file entry_6.csv (CSV, C-alpha atoms)
chain,number,residue,atom,x,y,z
E,1,MET,CA,0.0,0.0,0.0
E,2,ALA,CA,1.2,3.5,-0.8
E,3,ASP,CA,-0.2,5.0,2.5
E,4,THR,CA,-3.0,4.4,5.0
E,5,GLY,CA,-5.4,6.4,2.7
E,6,THR,CA,-5.5,3.8,0.1
E,7,MET,CA,-6.2,0.1,-0.2
E,8,LYS,CA,-5.4,-2.6,-2.8
E,9,LEU,CA,-8.3,-3.4,-5.2
E,10,LEU,CA,-8.3,-6.5,-7.3
E,11,VAL,CA,-11.2,-7.2,-9.7
E,12,ASN,CA,-11.0,-10.6,-11.5
E,13,THR,CA,-13.3,-12.2,-14.0
E,14,PRO,CA,-13.0,-15.6,-15.6
E,15,GLU,CA,-11.4,-14.0,-18.7
E,16,ARG,CA,-9.0,-11.4,-17.2
E,17,VAL,CA,-7.6,-9.4,-14.4
E,18,PHE,CA,-10.0,-6.5,-14.9
E,19,PHE,CA,-8.5,-4.0,-12.4
E,20,ASN,CA,-5.4,-4.3,-10.1
E,21,GLY,CA,-4.5,-1.1,-8.3
E,22,GLU,CA,-5.0,1.3,-5.4
E,23,ALA,CA,-8.3,2.9,-4.4
E,24,THR,CA,-9.3,5.4,-1.7
E,25,PHE,CA,-13.0,4.3,-1.7
E,26,VAL,CA,-15.0,1.6,-3.5
E,27,GLU,CA,-18.8,1.6,-4.0
E,28,LEU,CA,-20.8,-1.5,-5.1
E,29,ALA,CA,-24.0,-3.4,-4.4
E,30,THR,CA,-24.3,-6.7,-2.6
E,31,SER,CA,-27.3,-8.9,-2.1
E,32,GLU,CA,-27.8,-7.1,1.3
E,33,GLY,CA,-27.7,-3.6,-0.3
E,34,GLU,CA,-25.3,-0.9,-1.5
E,35,ILE,CA,-22.0,-0.5,0.4
E,36,GLY,CA,-19.0,1.8,0.4
E,37,VAL,CA,-15.6,0.6,1.5
E,38,TYR,CA,-12.8,2.7,2.8
E,39,PRO,CA,-9.3,1.5,3.9
E,40,GLN,CA,-9.4,-0.2,7.3
E,41,HIS,CA,-13.0,-1.5,6.7
E,42,ILE,CA,-14.0,-4.4,8.9
E,43,PRO,CA,-13.6,-7.8,7.2
E,44,LEU,CA,-16.6,-8.8,5.1
E,45,THR,CA,-17.5,-11.3,2.5
E,46,ALA,CA,-20.7,-10.7,0.4
E,47,VAL,CA,-22.5,-11.7,-2.7
E,48,LEU,CA,-22.1,-9.1,-5.5
E,49,VAL,CA,-25.2,-8.3,-7.6
E,50,PRO,CA,-25.3,-6.5,-10.9
E,51,CYS,CA,-24.3,-2.9,-10.3
E,52,VAL,CA,-22.1,0.0,-11.1
E,53,LEU,CA,-18.7,-0.4,-9.4
E,54,THR,CA,-17.3,3.0,-8.6
E,55,ILE,CA,-13.6,3.1,-7.9
E,56,HIS,CA,-12.3,6.3,-6.2
E,57,GLN,CA,-8.6,7.0,-6.6
E,58,ASN,CA,-6.4,10.0,-5.7
E,59,ASP,CA,-6.5,11.1,-9.4
E,60,GLY,CA,-10.2,10.6,-10.1
E,61,ILE,CA,-13.1,8.2,-10.3
E,62,LYS,CA,-13.5,5.1,-12.6
E,63,LYS,CA,-16.9,3.4,-13.2
E,64,ALA,CA,-17.5,-0.1,-14.4
E,65,ALA,CA,-20.5,-2.4,-14.8
E,66,VAL,CA,-20.2,-5.7,-12.9
E,67,HIS,CA,-22.6,-8.6,-13.2
E,68,GLY,CA,-22.6,-10.6,-10.0
E,69,GLY,CA,-19.9,-12.5,-8.1
E,70,ILE,CA,-18.3,-12.3,-4.7
E,71,VAL,CA,-16.6,-9.5,-2.8
E,72,GLU,CA,-14.1,-10.0,0.0
E,73,VAL,CA,-13.1,-7.0,2.1
E,74,LEU,CA,-10.1,-7.0,4.3
E,75,LYS,CA,-8.5,-4.0,6.2
E,76,ASP,CA,-6.1,-3.2,3.4
E,77,LYS,CA,-7.5,-5.1,0.4
E,78,VAL,CA,-10.8,-5.6,-1.6
E,79,THR,CA,-11.0,-8.6,-3.9
E,80,ILE,CA,-13.9,-8.9,-6.3
E,81,LEU,CA,-14.5,-12.1,-8.3
E,82,ALA,CA,-17.0,-11.0,-10.9
E,83,GLU,CA,-18.8,-13.0,-13.5
E,84,ILE,CA,-18.5,-10.1,-15.9
E,85,ALA,CA,-16.9,-6.7,-15.6
E,86,GLU,CA,-17.0,-4.0,-18.3
E,87,TRP,CA,-15.5,-0.5,-18.6
E,88,PRO,CA,-17.8,2.2,-20.1
E,89,ASP,CA,-16.0,2.0,-23.5
E,90,GLU,CA,-16.7,-1.7,-23.7
E,91,ILE,CA,-20.5,-1.2,-23.3
E,92,ASP,CA,-22.8,-1.0,-26.3
E,93,VAL,CA,-25.2,1.6,-25.0
E,94,ASN,CA,-27.9,1.0,-27.7
E,95,ARG,CA,-27.8,-2.8,-27.0
E,96,ALA,CA,-28.1,-2.2,-23.2
E,97,ASN,CA,-31.0,0.2,-23.7
E,98,ASP,CA,-32.8,-2.3,-25.9
E,99,ALA,CA,-32.2,-5.0,-23.3
E,100,LYS,CA,-33.7,-2.7,-20.6
E,101,ILE,CA,-36.8,-2.0,-22.7
E,102,ARG,CA,-37.3,-5.7,-23.4
E,103,ALA,CA,-36.9,-6.6,-19.7
E,104,GLU,CA,-39.3,-3.9,-18.6
E,105,ARG,CA,-41.9,-5.0,-21.2
E,106,ARG,CA,-41.6,-8.6,-20.1
E,107,LEU,CA,-42.1,-7.7,-16.4
E,108,ALA,CA,-45.1,-5.4,-17.3
E,109,SER,CA,-46.8,-8.1,-19.4
E,110,LYS,CA,-47.7,-10.2,-16.3
E,111,ASP,CA,-47.4,-13.4,-18.5
E,112,SER,CA,-48.0,-16.4,-16.3
E,113,ASN,CA,-45.2,-18.3,-18.2
E,114,LEU,CA,-42.7,-15.5,-17.5
E,115,ASP,CA,-39.5,-16.4,-15.7
E,116,VAL,CA,-39.6,-13.3,-13.4
E,117,PRO,CA,-36.2,-13.7,-11.7
E,118,ARG,CA,-34.6,-14.0,-15.1
E,119,ALA,CA,-36.3,-10.9,-16.4
E,120,GLU,CA,-35.4,-9.0,-13.3
E,121,MET,CA,-31.8,-10.0,-13.6
E,122,ALA,CA,-31.7,-8.9,-17.2
E,123,LEU,CA,-33.1,-5.6,-16.2
E,124,LYS,CA,-30.5,-5.2,-13.4
E,125,ARG,CA,-27.7,-6.1,-15.8
E,126,SER,CA,-28.9,-3.5,-18.4
E,127,LEU,CA,-29.2,-0.8,-15.7
E,128,ALA,CA,-25.7,-1.6,-14.5
E,129,ARG,CA,-24.3,-1.2,-18.0
E,130,LEU,CA,-26.3,2.0,-18.6
E,131,GLY,CA,-25.2,3.4,-15.2
E,132,ALA,CA,-21.5,2.7,-15.9
E,133,ALA,CA,-21.7,4.1,-19.4
E,134,ASP,CA,-23.4,7.3,-18.3
call {"tool": "encode", "arguments": {"input": "entry_6.csv", "output": "structure tokens"}}
result
Amino acid sequence: MADTGTMKLLVNTPERVFFNGEATFVELATSEGEIGVYPQHIPLTAVLVPCVLTIHQNDGIKKAAVHGGIVEVLKDKVTILAEIAEWPDEIDVNRANDAKIRAERRLASKDSNLDVPRAEMALKRSLARLGAAD
């Protein structure tokens, strides 16, 4: 660690090391709700849900869309094992917006054959992509 005002952040996906660097603050969403993590946070392990991952650094803020996984928080390190992670320039905004509209229509249809959890997850993924790309 550079100093006590930063912590190590590692974000891995099955395909790549998505991010490996220092952060002053990290924002993300777990199955229990949204959390913010500063250096020296109490240890925590949680299930990550589709969300915008916001990485605060001394020189600015980076946003990314993550689509589920696990987060482990230690005093000086945060490790995220994500199913998918995307930087804003990797997101097709038109496709994400179309997916959002499709998911909203499915959920509004009240079709008895609808797989509601699947449609809700599709909506959450599209909202995470749009939030990161914004």
call {"tool": "residues_around", "arguments": {"input": "entry_6.csv", "residues": "region 104-106 of chain E", "least_positions_apart": "3", "cutoff": "12 Å", "atoms": "all atoms listed in the file", "output": "PDB file with C-alpha atoms, in the frame of the given file"}}
result
ATOM      1  CA  ASN E  97     -31.000   0.200 -23.700  1.00  0.00           C
ATOM      2  CA  ASP E  98     -32.800  -2.300 -25.900  1.00  0.00           C
ATOM      3  CA  ALA E  99     -32.200  -5.000 -23.300  1.00  0.00           C
ATOM      4  CA  LYS E 100     -33.700  -2.700 -20.600  1.00  0.00           C
ATOM      5  CA  ILE E 101     -36.800  -2.000 -22.700  1.00  0.00           C
ATOM      6  CA  SER E 109     -46.800  -8.100 -19.400  1.00  0.00           C
ATOM      7  CA  LYS E 110     -47.700 -10.200 -16.300  1.00  0.00           C
ATOM      8  CA  ASP E 111     -47.400 -13.400 -18.500  1.00  0.00           C
ATOM      9  CA  SER E 112     -48.000 -16.400 -16.300  1.00  0.00           C
ATOM     10  CA  ASN E 113     -45.200 -18.300 -18.200  1.00  0.00           C
ATOM     11  CA  LEU E 114     -42.700 -15.500 -17.500  1.00  0.00           C
ATOM     12  CA  ASP E 115     -39.500 -16.400 -15.700  1.00  0.00           C
ATOM     13  CA  VAL E 116     -39.600 -13.300 -13.400  1.00  0.00           C
ATOM     14  CA  PRO E 117     -36.200 -13.700 -11.700  1.00  0.00           C
ATOM     15  CA  ARG E 118     -34.600 -14.000 -15.100  1.00  0.00           C
ATOM     16  CA  ALA E 119     -36.300 -10.900 -16.400  1.00  0.00           C
ATOM     17  CA  GLU E 120     -35.400  -9.000 -13.300  1.00  0.00           C
ATOM     18  CA  MET E 121     -31.800 -10.000 -13.600  1.00  0.00           C
ATOM     19  CA  ALA E 122     -31.700  -8.900 -17.200  1.00  0.00           C
ATOM     20  CA  LEU E 123     -33.100  -5.600 -16.200  1.00  0.00           C
ATOM     21  CA  LYS E 124     -30.500  -5.200 -13.400  1.00  0.00           C
ATOM     22  CA  SER E 126     -28.900  -3.500 -18.400  1.00  0.00           C
ATOM     23  CA  LEU E 127     -29.200  -0.800 -15.700  1.00  0.00           C
TER      24      LEU E 127
END
call {"tool": "closest_residue", "arguments": {"input": "entry_6.csv", "among": "E:Ala23, E:Leu9, E:Leu107, E:Leu44", "to": "Ile61 (chain E)", "atoms": "all atoms listed in the file"}}
result
E:Ala23
call {"tool": "residues_around", "arguments": {"input": "entry_6.csv", "residues": "Ala65 (chain E)", "least_positions_apart": "6", "cutoff": "6 Å", "atoms": "all atoms listed in the file", "output": "PDB file with C-alpha atoms, in the frame of the given file"}}
result
ATOM      1  CA  CYS E  51     -24.300  -2.900 -10.300  1.00  0.00           C
ATOM      2  CA  VAL E  52     -22.100   0.000 -11.100  1.00  0.00           C
ATOM      3  CA  ALA E  85     -16.900  -6.700 -15.600  1.00  0.00           C
ATOM      4  CA  GLU E  86     -17.000  -4.000 -18.300  1.00  0.00           C
ATOM      5  CA  ALA E 128     -25.700  -1.600 -14.500  1.00  0.00           C
ATOM      6  CA  ARG E 129     -24.300  -1.200 -18.000  1.00  0.00           C
ATOM      7  CA  ALA E 132     -21.500   2.700 -15.900  1.00  0.00           C
TER       8      ALA E 132
END
call {"tool": "atom_distance", "arguments": {"input": "entry_6.csv", "atom1": "CA of Glu72 (chain E)", "atom2": "CA of Pro43 (chain E)"}}
result
7.5 Å
call {"tool": "closest_residue", "arguments": {"input": "entry_6.csv", "among": "E:Gly33, E:Pro88, E:Pro50, E:Pro39", "to": "Lys62 (chain E)", "atoms": "all atoms listed in the file"}}
result
E:Pro88
call {"tool": "atom_distance", "arguments": {"input": "entry_6.csv", "atom1": "CA of Asn94 (chain E)", "atom2": "CA of Leu53 (chain E)"}}
result
20.5 Å
call {"tool": "atom_distance", "arguments": {"input": "entry_6.csv", "atom1": "CA of Asp89 (chain E)", "atom2": "CA of Phe18 (chain E)"}}
result
13.5 Å
